[in-house]
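> Structure below; questions to follow.
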Amino acid sequence: MIILTTIAIYFLILLLFSKFTTRKTSNSAFYLADRHSPWYMVAFGMIGASISGVSFVSVPGMMLKTDMTYLQMCMGFIVGYFLVAFVLLPIYYKLNLTTIYSYLKDRLGRRSYKIGSIFFMLSKMTGAAVRFYVVCIILQKFVLDSYSIPFPLTVISMTMLIWLYTRKGGIKTLVWTDSFQTFCILGALLLIIYNVINEAGLDFKGAVDAIYSNPHSRIFVFDDWVSKQNFVKQFLSGIFVVVVMTGLDQDMMQKNLTCKNLRQAQKDMCTYGFAFLPVNFLFLCLGVLLSILAAREGVALPTMGDELLPMFAATGKLGEMVVVLFAIGIVAASFSSADSALTALTTIYCVDIKERADDEKLRKRSHLFLSMLFIIFILGFKMINSTSVIDAIYILCSYTYGPLLGLFAFGIFTRRKVNDRFVPYVAIASPLLCFMIDVVAQRFMDYKFGYELLMLNGMLTFLGLRFLCRYK
C-alpha cells in the first residue's frame with residue numbers, strides 16, 4: 001500500500017504544479033509558455049524529459065551485452081547538442097516559430113511542411129505509446145499486479161492524469177513539472193546506487209574500484225569496424241541522433257523555444273547536453289554494481305538487460321524503500337516524456353495540420369482526443385503482446401526521422417527550390433529504399449545497419465530533393 005500511496009502523493013504534487021502555473025492561460029502559454037521560461041529550469045527539466053521510463057530501466061542493463069560502450073554515443077550527443085544550439089535554434093528564433101516544421105513551409109513549400117508534420121505525428125504517437133506501454137507493463141508486473149489492479153485501468157488512469165495536469169497550461173506547466181520529475185529521477189537513481197553499494201558490502205572507494213576492475217566497464221571500441229559498438233559509428237550516430245531526434249523533433253524543441261531569447265535557449269541546450277554523459281554513466285555504473293551484487297549472492301543474471309534493475313529494485317531484494325524509489329523513478333521518467341509528447345502532438349495538430357493556432361476550443365478537444373488515441377495505441381500493443389511487433393514499431397520510428405533530416409538539411413545548406421508537389425513521394429520512398437538496402441546488406445554482405453541507417457535515410461532524401469530541382 002505504501003507504493004500506491006507514494007505514487008498518489010506524486011500525482012497530487014503534479015496537479016498542484018498545474019494549478020500554480022495555470023492561473024492565466026492562453027494558447028500562447030500552452031504552446032510556448034509566453035516565451036518567459038527561465039533557461040536553467042528548462043535545462044534541468046530537459047534531463048528528465050530526455051530520459052524515458054524505458055531508458056530508466058534499460059540503460060543499467062545495457063552493460064550486460066555491450067559493456068559501457070553506450071557512453072561513446074553519449075559523447076557524440078554533446079557535439080549534437082552544440083550543433084542544435086548554434087545551427088538550428090538561431091533559425092527557429094529568427095523566424096519566431098511556434099512549430100519547427102513551419103520552417104519547411106517558408107523554405108520548401110506547403111506539401112513539404114505537411115509531410116514533415118505528418119512524419120513527426122506518426123513517429124511520436126507510436127514511439128511515445130510504445131515507451132509508455134513498456135513502462136506500464138513493468139509497473140504492472142512488479143508493483144500493481146499484487147494489488148489486483150487490471151492493466152487497462154492502469155493505462156487509462158495514468159494517461160488521464162497526464163491529460164489532467166497538462167490540459168490547461170500545456171508547455172507552461174511542463175517546464176515546472178519536468179524539473180520536479182528530473183529531481184525525482186536523479187534522486188531515485190542516486191539513492192538506489194547508495195543502497196546497492198551498502199547491500200554489496202562496499203564503501204564508496206570499494207565501489208569505484210569494483211566498477212573500474214569489472215570487465216563490463218569497457219567504454220571504447222576502436223579495433224572492430226564491423227561492430228555496432230565501434231567508436232566512430234557510435235560517436236557519429238550520437239551526433240545525428242541528437243540533431244534529428246532533438247533538433248528536428250517538436251516534442252524535444254518546444255520547451256527550448258519557451259526561453260526569453262536565443263542566447264538563453266543556447267545556454268539551456270548546451271547545459272543539459274553536457275549533463276547527459278554523467279547521468280548515463282551513473283545508470284551504467286548501477287548496472288555494473290547490480291551484476292557484482294548478483295555474483296556475490298549467487299543470483300543468475302537475466303537474459304534480457306531490461307530485467308536487471310527491476311529484478312532487484314522492484315521485487316524487494318534491496319528493501320521496501322528501493323521498491324518505492326524504483327516506482328517513483330520509473331513513473332517520473334515515463335511521465336516526463338509522455339506528457340511532453342502529448343502536448344507536442346496537440347501543438348502540431350492545431351498549428352500545422354488544422355492551421356488554427358488561435359482556436360482554444362480546437363486545442364482542448366484535440367488534446368483530449370489525442371490522449372484517448374494514446375490509450376487506444378497502448379491497449380492495442382497489449383493485445384498484440386509481441387516483442388517482435390514492438391521492435392518493428394521502434395524501427396519504424398527510426399525510419400521516419402530520416403526524411404526530416406533530409407528535408408531540413410536541404411533547406412538549410414542549399415538555396416535551391418524544389419517541386420513541392422513531389423516532395424512527399426521522396427520522403428516516403430527514402431525509408432523504403434533504406435529498408436531494401438538494409439535487407440540486401442544483411443543477406444549478401446553480412447552487415448546490419450545500426451543508427452547509421454538514419455544518416456543514409458537523410459542522405460537519400462537530400463539526393464531526392466536535389467533531383468527534383470531539375471523538374472521545378
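Residues in the C-alpha cells are numbered from 1 in each chain, the chains being A, B, ... in the order shown, and ligands are numbered from 1 in the order shown.
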Give me the residues of region 266-337 of chain A that have any atom at most 7 Å from an atom of region 56-79 of chain A; for each, the nearest atom pair and the distance in Å, rounded to one decimal. Use only C-alpha atoms, sort by chain and number, and format it as a Markdown table.

```
| residue | atom | partner | partner_atom | distance |
| --- | --- | --- | --- | --- |
| A:Gly273 | CA | A:Ile78 | CA | 5.2 |
| A:Phe274 | CA | A:Ile78 | CA | 5.8 |
| A:Phe276 | CA | A:Cys74 | CA | 6.7 |
| A:Leu277 | CA | A:Cys74 | CA | 5.5 |
| A:Phe281 | CA | A:Leu71 | CA | 6.9 |
| A:Phe283 | CA | A:Pro60 | CA | 5.0 |
| A:Leu284 | CA | A:Pro60 | CA | 4.7 |
| A:Leu286 | CA | A:Pro60 | CA | 5.9 |
| A:Gly287 | CA | A:Pro60 | CA | 4.1 |
| A:Gly305 | CA | A:Gly61 | CA | 4.0 |
| A:Asp306 | CA | A:Ser58 | CA | 4.6 |
| A:Leu308 | CA | A:Gly61 | CA | 5.6 |
| A:Leu309 | CA | A:Val57 | CA | 6.3 |
| A:Ile330 | CA | A:Phe56 | CA | 6.4 |
| A:Ala333 | CA | A:Phe56 | CA | 6.8 |
```
> Pull N, CA, C and O atoms from the residues just selected and write them as a PDB file, in the first residue's frame.

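Result went into selection.pdb, see below:
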```pdb
ATOM      1  N   GLY A 273      22.962  19.301 -22.473  1.00  0.00           N
ATOM      2  CA  GLY A 273      23.725  18.426 -23.357  1.00  0.00           C
ATOM      3  C   GLY A 273      24.929  17.829 -22.647  1.00  0.00           C
ATOM      4  O   GLY A 273      25.225  16.632 -22.763  1.00  0.00           O
ATOM      5  N   PHE A 274      25.625  18.652 -21.878  1.00  0.00           N
ATOM      6  CA  PHE A 274      26.764  18.168 -21.090  1.00  0.00           C
ATOM      7  C   PHE A 274      26.323  17.213 -19.987  1.00  0.00           C
ATOM      8  O   PHE A 274      27.050  16.289 -19.622  1.00  0.00           O
ATOM      9  N   PHE A 276      24.153  14.904 -19.972  1.00  0.00           N
ATOM     10  CA  PHE A 276      23.792  13.553 -20.392  1.00  0.00           C
ATOM     11  C   PHE A 276      24.884  12.524 -20.125  1.00  0.00           C
ATOM     12  O   PHE A 276      24.593  11.378 -19.783  1.00  0.00           O
ATOM     13  N   LEU A 277      26.132  12.925 -20.300  1.00  0.00           N
ATOM     14  CA  LEU A 277      27.232  11.975 -20.128  1.00  0.00           C
ATOM     15  C   LEU A 277      27.328  11.476 -18.683  1.00  0.00           C
ATOM     16  O   LEU A 277      27.314  10.251 -18.457  1.00  0.00           O
ATOM     17  N   PHE A 281      26.350   7.698 -17.356  1.00  0.00           N
ATOM     18  CA  PHE A 281      27.448   6.980 -16.699  1.00  0.00           C
ATOM     19  C   PHE A 281      26.975   6.398 -15.366  1.00  0.00           C
ATOM     20  O   PHE A 281      27.299   5.254 -15.024  1.00  0.00           O
ATOM     21  N   PHE A 283      23.886   5.552 -14.587  1.00  0.00           N
ATOM     22  CA  PHE A 283      22.982   4.435 -14.882  1.00  0.00           C
ATOM     23  C   PHE A 283      23.783   3.168 -15.193  1.00  0.00           C
ATOM     24  O   PHE A 283      23.443   2.072 -14.722  1.00  0.00           O
ATOM     25  N   LEU A 284      24.830   3.305 -15.993  1.00  0.00           N
ATOM     26  CA  LEU A 284      25.649   2.144 -16.345  1.00  0.00           C
ATOM     27  C   LEU A 284      26.431   1.626 -15.135  1.00  0.00           C
ATOM     28  O   LEU A 284      26.604   0.410 -14.978  1.00  0.00           O
ATOM     29  N   LEU A 286      25.360   1.737 -12.125  1.00  0.00           N
ATOM     30  CA  LEU A 286      24.360   0.983 -11.371  1.00  0.00           C
ATOM     31  C   LEU A 286      24.230  -0.426 -11.926  1.00  0.00           C
ATOM     32  O   LEU A 286      24.147  -1.404 -11.153  1.00  0.00           O
ATOM     33  N   GLY A 287      24.241  -0.546 -13.246  1.00  0.00           N
ATOM     34  CA  GLY A 287      24.161  -1.867 -13.855  1.00  0.00           C
ATOM     35  C   GLY A 287      25.325  -2.756 -13.473  1.00  0.00           C
ATOM     36  O   GLY A 287      25.150  -3.941 -13.150  1.00  0.00           O
ATOM     37  N   GLY A 305      18.456  -7.540 -20.694  1.00  0.00           N
ATOM     38  CA  GLY A 305      19.029  -6.464 -19.906  1.00  0.00           C
ATOM     39  C   GLY A 305      17.978  -5.610 -19.215  1.00  0.00           C
ATOM     40  O   GLY A 305      18.214  -5.077 -18.126  1.00  0.00           O
ATOM     41  N   ASP A 306      16.785  -5.472 -19.853  1.00  0.00           N
ATOM     42  CA  ASP A 306      15.722  -4.652 -19.280  1.00  0.00           C
ATOM     43  C   ASP A 306      15.242  -5.183 -17.934  1.00  0.00           C
ATOM     44  O   ASP A 306      14.600  -4.456 -17.172  1.00  0.00           O
ATOM     45  N   LEU A 308      17.215  -6.421 -15.495  1.00  0.00           N
ATOM     46  CA  LEU A 308      18.237  -6.385 -14.447  1.00  0.00           C
ATOM     47  C   LEU A 308      17.827  -5.490 -13.281  1.00  0.00           C
ATOM     48  O   LEU A 308      17.803  -5.927 -12.120  1.00  0.00           O
ATOM     49  N   LEU A 309      17.513  -4.224 -13.552  1.00  0.00           N
ATOM     50  CA  LEU A 309      17.138  -3.317 -12.479  1.00  0.00           C
ATOM     51  C   LEU A 309      15.829  -3.729 -11.807  1.00  0.00           C
ATOM     52  O   LEU A 309      15.764  -3.782 -10.571  1.00  0.00           O
ATOM     53  N   ILE A 330      10.608   5.365 -12.155  1.00  0.00           N
ATOM     54  CA  ILE A 330      10.079   4.923 -13.447  1.00  0.00           C
ATOM     55  C   ILE A 330       8.832   5.720 -13.832  1.00  0.00           C
ATOM     56  O   ILE A 330       8.622   6.049 -15.013  1.00  0.00           O
ATOM     57  N   ALA A 333      10.114   9.222 -14.920  1.00  0.00           N
ATOM     58  CA  ALA A 333      10.746   9.168 -16.233  1.00  0.00           C
ATOM     59  C   ALA A 333       9.719   8.991 -17.337  1.00  0.00           C
ATOM     60  O   ALA A 333       9.813   9.626 -18.397  1.00  0.00           O
TER      61      ALA A 333
END
```
> Please report, as number ranges by chain, each residue of region 144-375 of chain A to which DSSP assigns alpha helix (DSSP H) when run on this structure's backbone.
A: 151-166, 171-199, 204-213, 231-242, 250-254, 262-297, 308-313, 320-348, 360-375
> Got a sec: who's within 6 Å of region 38-55 of chain A, counting only C-alpha atoms, leaving out chain neighbours fewer than 4 positions off, as a list in words?
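Here the answer would be Val59, Arg131, Val135, Val175, Asp178, Ser179, Thr182, Cys259, Gln264, Asp268, Tyr272, Ile330, Ala333, Ser334, Ser336 and Ser337 of chain A.
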> Choose the residue, out of A:Lys114, A:Tyr349, A:Leu15, A:Leu32, that has the smallest atom-to-atom separation from Asn96 (chain A); count only C-alpha atoms.
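Residue with the minimum atom-to-atom distance to Asn96 (chain A): A:Leu32.
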> Tell me which protein, DNA and RNA residues are within 9 Å of region 17-31 of chain A, counting only C-alpha atoms, leaving out same-chain ones fewer than 2 positions away, and put them as a ChimeraX atom specification.
/A:12-15,33-35,98-99,164-174,176-177,254-255,258,343-344,346-347,357-360,363
> May I ask which of the residues A:Gln266, A:Tyr147, A:Cys136, A:Glu452 is the closest one to Gln234 (chain A), counting only C-alpha atoms?
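Ranked by minimum distance to Gln234 (chain A), first place goes to A:Glu452.
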> Env of Val241 (chain A): 9 Å cut, atoms = only C-alpha atoms, seq-sep filter 5 positions within chain, self excluded. Answer as a count of residues only.
7
> May I ask which of the residues A:Val299, A:Ile353, A:Ala265, A:Val243 is the closest one to Ser102 (chain A), counting only C-alpha atoms?
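Ranked by minimum distance to Ser102 (chain A), first place goes to A:Ile353.
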> Just to confirm, what's the straight-line distance from CA of Leu153 (chain A) to CA of Lys124 (chain A) in Å (one decimal)?
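Computed distance, CA of Leu153 (chain A) to CA of Lys124 (chain A), equals 23.1 Å.
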> For Met121 (chain A), which residue out of A:Ala441, A:Leu345, A:Leu460, A:Ala295 is the nearest one, using only C-alpha atoms?
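Once distances to Met121 (chain A) are computed over only C-alpha atoms, the minimum belongs to A:Leu345.
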> Could you list, as a ChimeraX atom specification, every residue within 7 Å of region 412-419 of chain A, counting only C-alpha atoms and ignoring same-chain residues fewer than 3 positions away?
/A:108,408-409,422-423,465,468-469,471-472
> Could you save the residues just selected, with C-alpha atoms, as a PDB file, in the first residue's frame?

```
ATOM      1  CA  LEU A 108      10.323  24.391 -49.463  1.00  0.00           C
ATOM      2  CA  PHE A 408      15.930  20.265 -43.062  1.00  0.00           C
ATOM      3  CA  ALA A 409      19.453  19.656 -44.367  1.00  0.00           C
ATOM      4  CA  PHE A 422       6.654  15.677 -55.417  1.00  0.00           C
ATOM      5  CA  VAL A 423       8.387  16.111 -52.043  1.00  0.00           C
ATOM      6  CA  LEU A 465      15.183  16.662 -53.324  1.00  0.00           C
ATOM      7  CA  LEU A 468      13.591  17.407 -58.010  1.00  0.00           C
ATOM      8  CA  CYS A 469      15.383  20.724 -58.582  1.00  0.00           C
ATOM      9  CA  TYR A 471      11.893  19.478 -62.573  1.00  0.00           C
ATOM     10  CA  LYS A 472      10.571  22.639 -60.996  1.00  0.00           C
TER      11      LYS A 472
END
```
> Any idea what's packed within 12 Å of Leu202 (chain A), counting only C-alpha atoms, ignoring anything in its chain fewer than 4 positions away? Could you give it as a list in words?
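After dropping sequence-adjacent residues, the list is Ile193, Tyr194, Asn195, Val196, Ile197, Asn198, Gly206, Ala207, Val208, Asp209, Ala210, Ile211, Leu289, Ile292, Leu293 and Arg296 of chain A.
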> Rank nothing, just name the residue among A:Phe462, A:Tyr212, A:Phe374, A:Tyr399 nearest to Met125 (chain A), using only C-alpha atoms.
A:Phe374
> Could you tell me how far CA of Thr5 (chain A) lies from CA of Ala327 (chain A), in Å and to one decimal?
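Rounded to one decimal, the two atoms are 11.1 Å apart.
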> A:Val130, A:Leu453, A:Val84, A:Ile115: which is nearest Phe381 (chain A), counting only C-alpha atoms?
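Of the candidates, the smallest distance to Phe381 (chain A) is held by A:Val130.
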